[in-house]
$ cat input-v5.cif   # mmCIF, C-alpha atoms
data_my_file
#
loop_
_atom_site.label_atom_id
_atom_site.label_comp_id
_atom_site.auth_asym_id
_atom_site.auth_seq_id
_atom_site.Cartn_x
_atom_site.Cartn_y
_atom_site.Cartn_z
CA MET T 453 0.00 0.00 0.00
CA LYS T 454 1.35 3.41 -0.98
CA ILE T 455 1.25 6.22 1.54
CA VAL T 456 2.02 9.90 0.93
CA HIS T 457 3.10 11.99 3.91
CA TYR T 458 2.59 15.74 4.39
CA LEU T 459 4.92 17.73 6.66
CA ASN T 460 5.75 21.39 7.17
CA GLN T 461 9.08 23.10 6.59
CA PHE T 462 10.25 22.51 10.14
CA PHE T 463 9.86 18.74 10.21
CA VAL T 464 11.66 18.20 6.91
CA GLY T 465 14.58 20.14 8.33
CA LEU T 466 14.37 23.35 6.29
CA GLY T 467 14.12 25.55 9.38
CA GLY T 468 11.61 27.35 11.54
CA GLU T 469 9.93 30.69 10.89
CA GLU T 470 12.73 31.80 8.53
CA ALA T 471 11.77 28.96 6.17
CA ALA T 472 8.01 29.31 6.63
CA GLY T 473 7.67 31.00 3.23
CA HIS T 474 8.80 27.87 1.35
CA PRO T 475 6.42 26.82 -1.46
CA PRO T 476 5.11 23.22 -1.68
CA GLU T 477 7.66 20.68 -2.80
CA PHE T 478 7.99 16.92 -3.15
CA ARG T 479 10.66 14.41 -2.13
CA GLU T 480 10.76 10.71 -2.85
CA GLY T 481 10.39 8.44 0.17
CA PRO T 482 10.00 9.31 3.85
CA VAL T 483 11.60 12.40 5.41
CA GLY T 484 12.07 13.43 9.07
CA PRO T 485 9.41 11.82 11.29
CA GLY T 486 8.23 9.98 8.17
CA ILE T 487 11.28 7.71 8.43
CA ARG T 488 10.16 6.37 11.82
CA LEU T 489 6.54 6.23 10.64
CA ASN T 490 7.64 4.13 7.67
CA GLU T 491 9.48 1.70 9.97
CA LEU T 492 6.44 1.40 12.24
CA LEU T 493 4.14 0.73 9.31
CA GLY T 494 6.14 -2.34 8.39
CA GLU T 495 4.24 -4.59 6.03
CA ALA T 496 1.09 -2.48 6.19
CA GLY T 497 2.33 0.22 3.87
CA GLN T 498 5.22 2.27 2.59
CA VAL T 499 5.77 6.03 2.63
CA VAL T 500 6.48 6.53 -1.06
CA GLY T 501 6.88 10.27 -0.94
CA THR T 502 6.72 13.40 1.18
CA ILE T 503 5.00 16.66 0.28
CA PHE T 504 6.01 19.65 2.36
CA ALA T 505 5.52 23.40 2.45
CA GLY T 506 6.22 26.39 4.66
CA ASP T 507 3.33 27.15 7.00
CA ASN T 508 3.19 30.83 6.04
CA TYR T 509 3.33 30.08 2.34
CA PHE T 510 0.52 27.58 2.64
CA SER T 511 -1.73 29.83 4.70
CA MET T 512 -1.18 32.88 2.50
CA ASN T 513 -1.42 31.05 -0.85
CA SER T 514 -3.86 28.33 0.03
CA SER T 515 -5.54 27.96 -3.35
CA THR T 516 -2.22 27.85 -5.25
CA SER T 517 -0.81 25.43 -2.68
CA ALA T 518 -3.89 23.23 -2.92
CA GLU T 519 -3.48 23.05 -6.70
CA VAL T 520 0.17 22.06 -6.44
CA VAL T 521 -0.68 19.41 -3.85
CA GLU T 522 -3.50 18.12 -6.02
CA GLY T 523 -1.13 17.74 -8.99
CA LEU T 524 1.46 15.89 -6.88
CA LEU T 525 -1.14 13.57 -5.37
CA ARG T 526 -2.61 12.74 -8.79
CA ALA T 527 0.82 11.74 -10.10
CA LEU T 528 1.50 9.51 -7.09
CA ASP T 529 -1.64 7.38 -7.20
CA ALA T 530 -1.36 6.53 -3.50
CA ASP T 531 -3.73 4.55 -1.25
CA LEU T 532 -3.62 6.89 1.75
CA LEU T 533 -2.44 10.37 2.72
CA ILE T 534 -1.11 11.03 6.20
CA ALA T 535 -0.63 14.64 7.35
CA GLY T 536 1.27 15.70 10.44
CA PRO T 537 1.48 15.22 13.38
CA ALA T 538 0.94 18.96 13.77
CA PHE T 539 0.40 18.91 17.58
CA ASN T 540 -0.96 22.34 18.57
CA ALA T 541 0.69 24.29 15.73
CA GLY T 542 -2.17 26.31 14.26
CA ARG T 543 -0.91 27.16 10.77
CA TYR T 544 0.58 23.69 10.31
CA GLY T 545 -2.72 22.16 11.42
CA MET T 546 -4.65 24.31 8.96
CA ALA T 547 -2.28 23.26 6.14
CA CYS T 548 -2.78 19.59 7.09
CA GLY T 549 -6.53 20.16 6.94
CA GLU T 550 -6.28 21.75 3.48
CA VAL T 551 -4.08 18.97 2.15
CA CYS T 552 -6.43 16.28 3.48
CA SER T 553 -9.45 18.11 2.06
CA VAL T 554 -7.80 18.20 -1.37
CA ALA T 555 -7.15 14.46 -1.15
CA ILE T 556 -10.65 13.54 0.03
CA ASP T 557 -12.74 16.04 -1.94
CA ARG T 558 -10.86 16.28 -5.22
CA LEU T 559 -9.27 12.84 -5.59
CA GLY T 560 -11.35 10.58 -3.40
CA LEU T 561 -8.09 9.63 -1.71
CA PRO T 562 -8.51 8.62 1.96
CA ALA T 563 -6.61 10.85 4.37
CA LEU T 564 -5.71 10.89 8.04
CA MET T 565 -4.22 13.79 9.96
CA ALA T 566 -2.76 13.96 13.45
CA MET T 567 -2.89 16.88 15.89
CA SER T 568 -3.92 17.98 19.35
CA GLU T 569 -7.60 18.48 20.06
CA ASN T 570 -6.72 22.12 20.84
CA ASN T 571 -5.44 22.76 17.33
CA PRO T 572 -7.79 25.31 15.69
CA ALA T 573 -7.94 23.12 12.56
CA VAL T 574 -9.84 20.48 14.53
CA GLU T 575 -13.10 22.40 14.79
CA LEU T 576 -12.90 23.27 11.11
CA HIS T 577 -12.31 19.77 9.82
CA ARG T 578 -13.39 17.21 12.39
CA ALA T 579 -16.60 16.30 10.61
CA GLU T 580 -14.91 15.55 7.27
CA ILE T 581 -11.42 14.34 8.09
CA PRO T 582 -10.41 11.57 10.51
CA ILE T 583 -8.13 13.24 13.06
CA LEU T 584 -5.77 11.24 15.21
CA ARG T 585 -5.31 12.60 18.74
CA THR T 586 -1.82 13.77 19.76
CA SER T 587 -0.32 15.75 22.63
CA ASP T 588 -0.05 19.54 22.44
CA SER T 589 3.71 19.53 22.01
CA THR T 590 6.31 17.67 19.96
CA GLY T 591 7.27 15.78 23.14
CA GLY T 592 4.51 13.38 22.11
CA MET T 593 6.09 12.64 18.72
CA GLY T 594 6.99 9.02 19.49
CA GLN T 595 3.49 8.15 20.66
CA ALA T 596 1.91 10.08 17.79
CA LEU T 597 3.89 8.13 15.19
CA GLU T 598 3.04 4.80 16.85
CA ASP T 599 -0.63 5.75 16.88
CA LEU T 600 -0.49 6.97 13.27
CA ALA T 601 1.07 3.69 12.16
CA ALA T 602 -1.53 1.70 14.13
CA GLY T 603 -4.40 3.81 12.78
CA ALA T 604 -3.19 3.66 9.19
CA SER T 605 -2.53 -0.10 9.41
CA SER T 606 -5.99 -0.85 10.76
CA TYR T 607 -7.53 1.32 8.05
CA LEU T 608 -5.54 -0.26 5.24
CA GLY T 609 -6.33 -3.72 6.61
CA SER T 610 -10.06 -3.00 6.76
CA ASP T 611 -12.60 -2.65 4.01
CA GLY T 612 -12.53 1.10 3.92
CA GLY T 613 -13.58 2.30 7.36
CA TRP T 614 -11.95 4.01 10.32
CA SER T 615 -14.05 2.32 12.99
CA ALA T 616 -11.28 -0.06 14.04
CA ALA T 617 -9.07 2.96 14.74
CA SER T 618 -11.80 4.95 16.49
CA SER T 619 -10.17 4.86 19.93
CA LEU T 620 -7.20 6.78 18.48
CA LEU T 621 -9.33 9.37 16.70
CA LEU T 622 -11.04 12.53 17.88
CA SER T 623 -14.80 12.45 17.85
CA ARG T 624 -16.16 13.56 14.49
CA GLY T 625 -19.24 15.04 16.11
CA ILE T 626 -21.37 12.58 14.14
CA ARG T 627 -23.70 10.22 15.98
CA LEU T 628 -24.10 6.82 14.35
CA ASN T 629 -27.07 4.63 15.20
CA GLU T 630 -26.39 1.03 16.08
CA VAL T 631 -28.63 -1.78 17.20
CA SER T 632 -27.87 -3.13 20.66
CA PRO T 633 -28.94 -6.62 21.73
CA ASP T 634 -30.05 -5.21 25.11
CA ARG T 635 -32.77 -2.68 25.69
CA GLY T 636 -32.05 0.68 27.32
CA SER T 637 -33.18 -0.20 30.84
CA LYS T 638 -30.83 -3.19 30.98
CA ARG T 639 -27.94 -1.16 29.60
CA ALA T 640 -28.57 1.57 32.16
CA ILE T 641 -28.54 -0.91 35.06
CA ASP T 642 -25.44 -2.67 33.69
CA LEU T 643 -23.72 0.71 33.54
CA LEU T 644 -24.75 1.50 37.12
CA LEU T 645 -23.54 -1.89 38.39
CA SER T 646 -20.28 -1.43 36.53
CA LYS T 647 -19.84 1.94 38.22
CA ILE T 648 -20.68 0.52 41.68
CA GLU T 649 -18.14 -2.25 41.16
CA GLY T 650 -15.53 0.37 40.37
CA HIS T 651 -15.25 -0.56 36.70
CA PRO T 652 -15.12 2.06 33.95
CA CYS T 653 -18.46 3.80 33.49
CA LEU T 654 -18.60 4.60 29.78
CA THR T 655 -21.67 6.67 29.04
CA GLU T 656 -23.52 6.19 25.77
CA TRP T 657 -24.35 9.89 25.76
CA PRO T 658 -21.40 12.10 26.68
CA LEU T 659 -22.46 15.52 27.89
CA PRO T 660 -21.25 18.47 25.87
CA ASP T 661 -18.24 20.22 27.31
CA TYR T 662 -19.71 23.50 28.57
CA ASP T 663 -17.26 26.21 29.38
CA ILE T 664 -17.04 28.46 32.38
CA VAL T 665 -16.20 32.04 31.48
CA GLN T 666 -15.25 34.90 33.76
CA PRO T 667 -17.88 37.65 33.49
CA SER T 668 -16.61 40.83 31.89
CA ALA T 669 -17.26 44.22 33.42
CA LEU T 670 -18.41 47.26 31.52
CA GLU T 671 -15.36 49.22 30.45
CA ALA T 672 -15.15 52.77 31.79
CA THR T 673 -15.56 55.16 28.86
CA ASN T 674 -15.65 58.92 28.43
CA THR T 675 -18.58 58.65 26.10
CA GLU T 676 -21.74 56.62 26.45
CA PRO T 677 -21.12 52.89 26.05
CA VAL T 678 -22.11 51.46 22.69
CA LEU T 679 -24.65 48.66 22.93
CA ALA T 680 -25.32 46.01 20.27
CA LEU T 681 -28.40 43.84 19.91
CA VAL T 682 -27.78 40.18 19.04
CA THR T 683 -30.18 37.28 18.64
CA GLU T 684 -30.21 33.57 17.96
CA GLY T 685 -33.89 33.88 17.10
CA GLY T 686 -33.42 33.93 13.34
CA LEU T 687 -34.34 37.57 12.66
CA VAL T 688 -33.92 38.42 8.96
CA PRO T 689 -35.18 41.01 6.49
CA SER T 690 -38.46 39.87 4.94
CA GLY T 691 -37.88 37.10 2.41
CA ASN T 692 -34.60 36.05 4.08
CA PRO T 693 -32.39 37.35 1.24
CA ASP T 694 -29.20 35.89 2.73
CA ARG T 695 -30.82 32.51 3.33
CA LEU T 696 -30.03 32.25 7.01
CA ASN T 697 -30.64 28.65 8.09
CA SER T 698 -33.80 27.97 10.11
CA GLY T 699 -31.89 25.24 11.98
CA ARG T 700 -28.35 23.84 12.29
CA ALA T 701 -27.07 27.29 11.40
CA ASP T 702 -23.54 27.65 10.11
CA ARG T 703 -23.68 31.39 9.53
CA TRP T 704 -24.71 34.73 10.94
CA PHE T 705 -25.63 38.09 9.44
CA ARG T 706 -25.72 41.70 10.51
CA TYR T 707 -28.50 44.02 9.48
CA SER T 708 -28.30 47.77 9.59
CA VAL T 709 -30.75 49.48 11.91
CA GLU T 710 -29.23 52.91 11.54
CA ARG T 711 -32.05 55.45 11.85
CA VAL T 712 -34.55 52.59 12.25
CA ALA T 713 -36.86 53.22 15.20
CA SER T 714 -38.62 49.89 15.26
CA LEU T 715 -38.54 46.50 13.50
CA MET T 716 -41.65 46.59 11.33
CA SER T 717 -43.32 43.32 10.36
CA GLU T 718 -43.34 44.41 6.70
CA GLU T 719 -39.55 44.65 6.74
CA PHE T 720 -38.38 41.91 9.10
CA GLU T 721 -39.37 38.37 9.90
CA VAL T 722 -38.26 35.53 12.15
CA ILE T 723 -37.30 32.26 10.43
CA HIS T 724 -36.27 30.18 13.48
CA GLY T 725 -37.35 26.62 12.66
CA GLY T 726 -37.80 25.40 16.22
CA ILE T 727 -40.55 27.69 17.48
CA ASP T 728 -43.96 29.05 16.51
CA THR T 729 -42.87 32.32 14.95
CA SER T 730 -46.32 33.89 14.59
CA ALA T 731 -45.99 36.27 17.56
CA SER T 732 -42.50 37.43 16.62
CA ASN T 733 -43.55 37.85 13.02
CA GLU T 734 -46.46 39.99 14.10
CA ASN T 735 -44.00 42.18 15.99
CA PRO T 736 -40.29 41.44 15.40
CA ASN T 737 -39.46 43.74 18.35
CA TRP T 738 -40.73 40.90 20.53
CA MET T 739 -37.69 38.92 19.36
CA VAL T 740 -35.16 41.77 19.11
CA PRO T 741 -36.15 44.73 21.28
CA LEU T 742 -35.07 47.50 18.91
CA ASP T 743 -38.05 49.77 19.57
CA MET T 744 -37.47 49.81 23.34
CA ALA T 745 -33.76 50.30 22.81
CA ARG T 746 -34.49 53.35 20.66
CA LYS T 747 -36.97 54.76 23.17
CA GLN T 748 -34.52 54.41 26.03
CA GLU T 749 -31.43 55.45 24.09
CA PRO T 750 -31.75 59.22 24.77
CA LYS T 751 -31.85 58.83 28.58
CA GLY T 752 -30.62 55.28 29.06
CA GLY T 753 -26.92 56.11 29.23
CA PHE T 754 -25.98 54.14 26.10
CA SER T 755 -25.93 54.54 22.35
CA LEU T 756 -27.02 51.83 19.98
CA HIS T 757 -24.64 50.13 17.52
CA GLU T 758 -25.67 50.53 13.86
CA TYR T 759 -26.21 46.81 13.23
CA VAL T 760 -28.17 44.00 14.82
CA TYR T 761 -26.59 40.54 14.61
CA SER T 762 -28.60 37.44 13.90
CA THR T 763 -28.17 33.69 13.69
CA THR T 764 -30.44 30.73 14.44
CA GLY T 765 -29.83 28.65 17.56
CA ASN T 766 -32.27 25.91 16.59
CA GLN T 767 -30.46 22.54 16.60
CA GLY T 768 -27.17 24.39 16.56
CA SER T 769 -24.02 22.42 17.18
CA MET T 770 -21.87 23.68 20.04
CA PRO T 771 -18.74 24.12 17.88
CA ALA T 772 -20.64 26.03 15.18
CA MET T 773 -22.33 28.25 17.76
CA ARG T 774 -19.01 28.89 19.47
CA ARG T 775 -17.44 29.87 16.15
CA ILE T 776 -20.37 32.16 15.31
CA GLY T 777 -20.09 33.73 18.77
CA ASP T 778 -16.36 34.24 18.31
CA GLU T 779 -16.84 35.84 14.91
CA ILE T 780 -19.56 38.21 16.09
CA ALA T 781 -17.55 39.04 19.23
CA ALA T 782 -14.46 39.83 17.12
CA GLU T 783 -16.48 42.12 14.89
CA LEU T 784 -18.09 43.89 17.86
CA HIS T 785 -14.71 44.29 19.50
CA ASN T 786 -13.26 45.86 16.34
CA ALA T 787 -16.30 48.10 15.96
CA GLY T 788 -15.80 49.47 19.48
CA VAL T 789 -18.98 47.97 20.93
CA HIS T 790 -18.91 47.88 24.74
CA ALA T 791 -21.83 45.64 25.64
CA VAL T 792 -24.36 43.22 24.20
CA ILE T 793 -28.01 42.53 24.84
CA ALA T 794 -28.89 39.21 23.29
CA THR T 795 -32.17 37.39 23.03
CA SER T 796 -32.78 33.67 22.70
CA THR T 797 -35.79 31.49 22.18
CA MET L 245 -22.92 34.32 24.74
CA ASN L 246 -19.82 33.21 26.51
CA GLN L 247 -17.72 34.25 23.54
CA PHE L 248 -18.70 37.89 24.18
CA ASP L 249 -17.55 37.69 27.80
CA LYS L 250 -14.34 36.02 26.60
CA ALA L 251 -13.77 38.94 24.25
CA GLY L 252 -14.17 41.34 27.18
CA ILE L 253 -17.64 42.48 26.12
CA PRO L 254 -20.19 42.13 28.92
CA ALA L 255 -23.38 40.58 27.60
CA VAL L 256 -26.82 39.87 28.95
CA LEU L 257 -29.09 37.17 27.59
CA VAL L 258 -32.85 37.71 27.65
CA THR L 259 -34.39 34.24 27.63
CA ALA L 260 -37.54 32.51 28.82
CA ILE L 261 -35.47 29.52 29.96
CA PRO L 262 -32.99 31.06 32.43
CA SER L 263 -32.12 27.69 33.95
CA LEU L 264 -30.80 26.44 30.62
CA ALA L 265 -28.71 29.56 30.12
CA GLU L 266 -27.43 29.16 33.68
CA SER L 267 -26.38 25.55 33.04
CA LEU L 268 -24.51 26.70 29.94
CA GLY L 269 -22.56 29.20 32.01
CA VAL L 270 -24.12 32.42 30.71
CA ASN L 271 -23.14 35.03 33.30
CA ARG L 272 -25.88 37.66 33.00
CA ILE L 273 -29.36 36.32 32.38
CA VAL L 274 -32.66 38.22 32.30
CA GLU L 275 -35.83 36.19 32.42
CA GLY L 276 -37.78 37.00 29.27
CA ALA L 277 -41.46 36.65 28.52
CA ALA L 278 -41.74 33.48 26.45
CA VAL L 279 -39.73 31.13 24.27
CA THR L 280 -41.45 32.33 21.12
CA HIS L 281 -41.27 36.05 21.96
CA PRO L 282 -38.65 36.75 24.67
CA THR L 283 -39.12 40.52 24.64
CA GLY L 284 -42.86 40.82 24.16
CA ALA L 285 -46.05 39.98 26.04
CA PRO L 286 -48.81 39.84 23.41
CA GLU L 287 -51.34 38.59 25.93
CA LEU L 288 -51.28 41.92 27.80
CA PRO L 289 -53.30 45.00 26.82
CA PRO L 290 -51.12 47.29 24.68
CA ALA L 291 -50.41 49.90 27.36
CA GLU L 292 -49.36 47.33 29.97
CA GLU L 293 -47.42 45.45 27.35
CA ALA L 294 -45.40 48.53 26.51
CA THR L 295 -44.67 49.13 30.20
CA TYR L 296 -43.61 45.53 30.69
CA ARG L 297 -41.23 45.65 27.75
CA ALA L 298 -39.80 48.99 28.79
CA LYS L 299 -39.03 47.57 32.25
CA LEU L 300 -37.57 44.39 30.81
CA PHE L 301 -35.21 46.30 28.55
CA GLU L 302 -34.25 48.67 31.35
CA LEU L 303 -33.43 45.67 33.53
CA ALA L 304 -31.25 44.22 30.78
CA VAL L 305 -29.35 47.49 30.39
CA ASN L 306 -28.94 47.89 34.14
CA CYS L 307 -27.58 44.43 34.77
CA LEU L 308 -24.80 45.04 32.24
CA GLY L 309 -23.39 47.51 34.76
CA ILE L 310 -23.78 45.14 37.73
CA SER L 311 -20.73 43.13 38.66
CA VAL L 312 -21.42 39.38 38.86
CA SER L 313 -19.11 36.53 39.79
CA GLY L 314 -20.85 33.76 37.82
CA PRO L 315 -24.17 32.88 36.21
CA THR L 316 -26.79 35.21 37.71
CA ILE L 317 -30.48 35.41 36.87
CA PHE L 318 -32.28 38.77 37.00
CA THR L 319 -36.09 38.84 36.99
CA LEU L 320 -38.76 41.51 36.89
CA ASP L 321 -41.14 41.48 39.83
CA GLY L 322 -43.69 42.61 37.33
CA PRO L 323 -46.58 41.10 35.40
CA THR L 324 -46.14 38.05 33.20
CA GLN L 325 -46.34 34.59 34.58
#
$ encode --input "input-v5.cif" --output "structure tokens"
Amino acid sequence: MKIVHYLNQFFVGLGGEEAAGHPPEFREGPVGPGIRLNELLGEAGQVVGTIFAGDNYFSMNSSTSAEVVEGLLRALDADLLIAGPAFNAGRYGMACGEVCSVAIDRLGLPALMAMSENNPAVELHRAEIPILRTSDSTGGMGQALEDLAAGASSYLGSDGGWSAASSLLLSRGIRLNEVSPDRGSKRAIDLLLSKIEGHPCLTEWPLPDYDIVQPSALEATNTEPVLALVTEGGLVPSGNPDRLNSGRADRWFRYSVERVASLMSEEFEVIHGGIDTSASNENPNWMVPLDMARKQEPKGGFSLHEYVYSTTGNQGSMPAMRRIGDEIAAELHNAGVHAVIATST
Amino acid sequence: MNQFDKAGIPAVLVTAIPSLAESLGVNRIVEGAAVTHPTGAPELPPAEEATYRAKLFELAVNCLGISVSGPTIFTLDGPTQ
């Protein structure tokens, strides 16, 4: 079985930041950590070549880089692409994600990448690309290569699935149904007994990882603080011109309310797919309180930001909602907004 | 919501399900009117409705300036059940 390996400039020995502008290139056979990976793979496969690029070059010329990588991969006709391990290196992780996406989407070539769960590329790619879990730092290189070899071997030895390697992989955020021989009540009691006996208690339904955040305080300003209105209620201009999702939203929009005193039902509507929207459609201010904000603005000790921000929380995934929150927060921060009043269904 | 606090922007969430917001770690929570219309009370006569909403919004603005140490729920003593 033929395996292609992707590494960044550092791991092929070109150098650190000073070499980060290096364009994508190819070398025959394994390089750097690929040499050990190749040994560990043994009979299961052979690293036939290594593609590498500088992290800065890749991130700043991603479409050009993707084309070069695509061309190289086509010529190699491999069975599997392995990218990384990138540990917690953000740009390297993003490049690994791009390279794997090119392989999977454009060539139908299976791909596996390795990085820490904290790598920002994980949230972006976890649903599409199998990601092997590593430590945050290169100290975990030995383990990462062993796991990569084990994961790749089990994949290549299977009939095209990653399930045998699932204990090494990060959750893809996809829930697969399976039929259990025992009904729920029996499984629940078995789990309880296992816990009482001090055995591992592996839940079938892991709780989402909610985060605890320190409350911010209103910044002292010389002028009145600027306040922005935000909603997850799916407020959009009538007709939903931007096609905001009514559920499982992956996007958000801002709508100008400069010199708008009130959200009129002829101009705005609520497209949230998880609630009865009739009341909010009758009066969109019942979802986003613009009219009250305007009434209180003159004496309320604040001034209103020129946009309202809207997404739909219905069936939203935690990672997508977190990303949307981060993006809106970054924009508000740059726009000099001091505080937010948000509404949710 | 928590991403605003992380970015240093105090934020208040008006929601009809404060307990859910609390379990998610939202720091400033104002109890809103209903799931389908958090900042409106269509069942009230128009004049009372306007008063209710004015108070609700005022509460939201005020609690932005109140220092909290963790998830805190603010409620109006006022009308809606």
$ closest_residue --input "input-v5.cif" --among "T:Thr797, T:Ser708, T:Asn697, T:Ser646" --to "Ala278 (chain L)" --atoms "all atoms listed in the file"
T:Thr797
$ atom_distance --input "input-v5.cif" --atom1 "CA of Leu687 (chain T)" --atom2 "CA of Ser762 (chain T)"
5.9 Å
$ atom_distance --input "input-v5.cif" --atom1 "CA of Ile780 (chain T)" --atom2 "CA of Leu622 (chain T)"
27.1 Å
$ resolve_selection --input "input-v5.cif" --expression "the PyMOL selection byres ((chain L) within 10 of (chain T))" --output "number ranges by chain"
L: 245-261, 265, 267-274, 276-286, 294-295, 297-302, 304-306, 308-315
$ resolve_selection --input "input-v5.cif" --expression "the PyMOL selection byres ((chain T and resi 508-524) around 12)" --output "PyMOL selection string"
chain T and resi 456-462+468-480+501-507+525-530+533+541-561
$ closest_residue --input "input-v5.cif" --among "T:Arg627, T:Leu600, T:Trp704, T:Asp642" --to "Ala579 (chain T)" --atoms "only C-alpha atoms"
T:Arg627
$ atom_distance --input "input-v5.cif" --atom1 "CA of Arg635 (chain T)" --atom2 "CA of Ser618 (chain T)"
24.1 Å
$ resolve_selection --input "input-v5.cif" --expression "the PyMOL selection byres ((chain L and resi 318) around 8)" --output "list in words"
Arg272, Ile273, Val274, Glu275, Leu303, Cys307, Thr316, Ile317, Thr319 and Leu320 of chain L
$ axis_aligned_box --input "input-v5.cif" --around "region 246-260 of chain L" --padding-each-side "4 Å" --output "lines of an AutoDock Vina configuration file"
center_x = -25.7
center_y = 37.5
center_z = 26.2
size_x = 31.8
size_y = 18.0
size_z = 13.4
$ decode --input "input-v5.cif" --residues "region 559-591 of chain T" --atoms "C-alpha atoms" --output "PDB file, in the first residue's frame"
ATOM      1  CA  LEU T 559      -9.272  12.842  -5.590  1.00  0.00           C
ATOM      2  CA  GLY T 560     -11.352  10.585  -3.395  1.00  0.00           C
ATOM      3  CA  LEU T 561      -8.094   9.626  -1.706  1.00  0.00           C
ATOM      4  CA  PRO T 562      -8.512   8.616   1.961  1.00  0.00           C
ATOM      5  CA  ALA T 563      -6.612  10.849   4.370  1.00  0.00           C
ATOM      6  CA  LEU T 564      -5.706  10.893   8.037  1.00  0.00           C
ATOM      7  CA  MET T 565      -4.219  13.789   9.964  1.00  0.00           C
ATOM      8  CA  ALA T 566      -2.759  13.962  13.451  1.00  0.00           C
ATOM      9  CA  MET T 567      -2.894  16.876  15.886  1.00  0.00           C
ATOM     10  CA  SER T 568      -3.922  17.980  19.355  1.00  0.00           C
ATOM     11  CA  GLU T 569      -7.598  18.479  20.064  1.00  0.00           C
ATOM     12  CA  ASN T 570      -6.721  22.117  20.842  1.00  0.00           C
ATOM     13  CA  ASN T 571      -5.445  22.760  17.331  1.00  0.00           C
ATOM     14  CA  PRO T 572      -7.789  25.306  15.688  1.00  0.00           C
ATOM     15  CA  ALA T 573      -7.938  23.120  12.559  1.00  0.00           C
ATOM     16  CA  VAL T 574      -9.838  20.483  14.533  1.00  0.00           C
ATOM     17  CA  GLU T 575     -13.104  22.405  14.786  1.00  0.00           C
ATOM     18  CA  LEU T 576     -12.902  23.274  11.113  1.00  0.00           C
ATOM     19  CA  HIS T 577     -12.307  19.770   9.818  1.00  0.00           C
ATOM     20  CA  ARG T 578     -13.387  17.214  12.395  1.00  0.00           C
ATOM     21  CA  ALA T 579     -16.604  16.296  10.610  1.00  0.00           C
ATOM     22  CA  GLU T 580     -14.911  15.549   7.268  1.00  0.00           C
ATOM     23  CA  ILE T 581     -11.416  14.337   8.091  1.00  0.00           C
ATOM     24  CA  PRO T 582     -10.413  11.570  10.514  1.00  0.00           C
ATOM     25  CA  ILE T 583      -8.127  13.243  13.064  1.00  0.00           C
ATOM     26  CA  LEU T 584      -5.766  11.235  15.213  1.00  0.00           C
ATOM     27  CA  ARG T 585      -5.306  12.603  18.740  1.00  0.00           C
ATOM     28  CA  THR T 586      -1.817  13.773  19.760  1.00  0.00           C
ATOM     29  CA  SER T 587      -0.323  15.748  22.634  1.00  0.00           C
ATOM     30  CA  ASP T 588      -0.051  19.537  22.441  1.00  0.00           C
ATOM     31  CA  SER T 589       3.710  19.530  22.006  1.00  0.00           C
ATOM     32  CA  THR T 590       6.309  17.672  19.959  1.00  0.00           C
ATOM     33  CA  GLY T 591       7.267  15.776  23.138  1.00  0.00           C
TER      34      GLY T 591
END
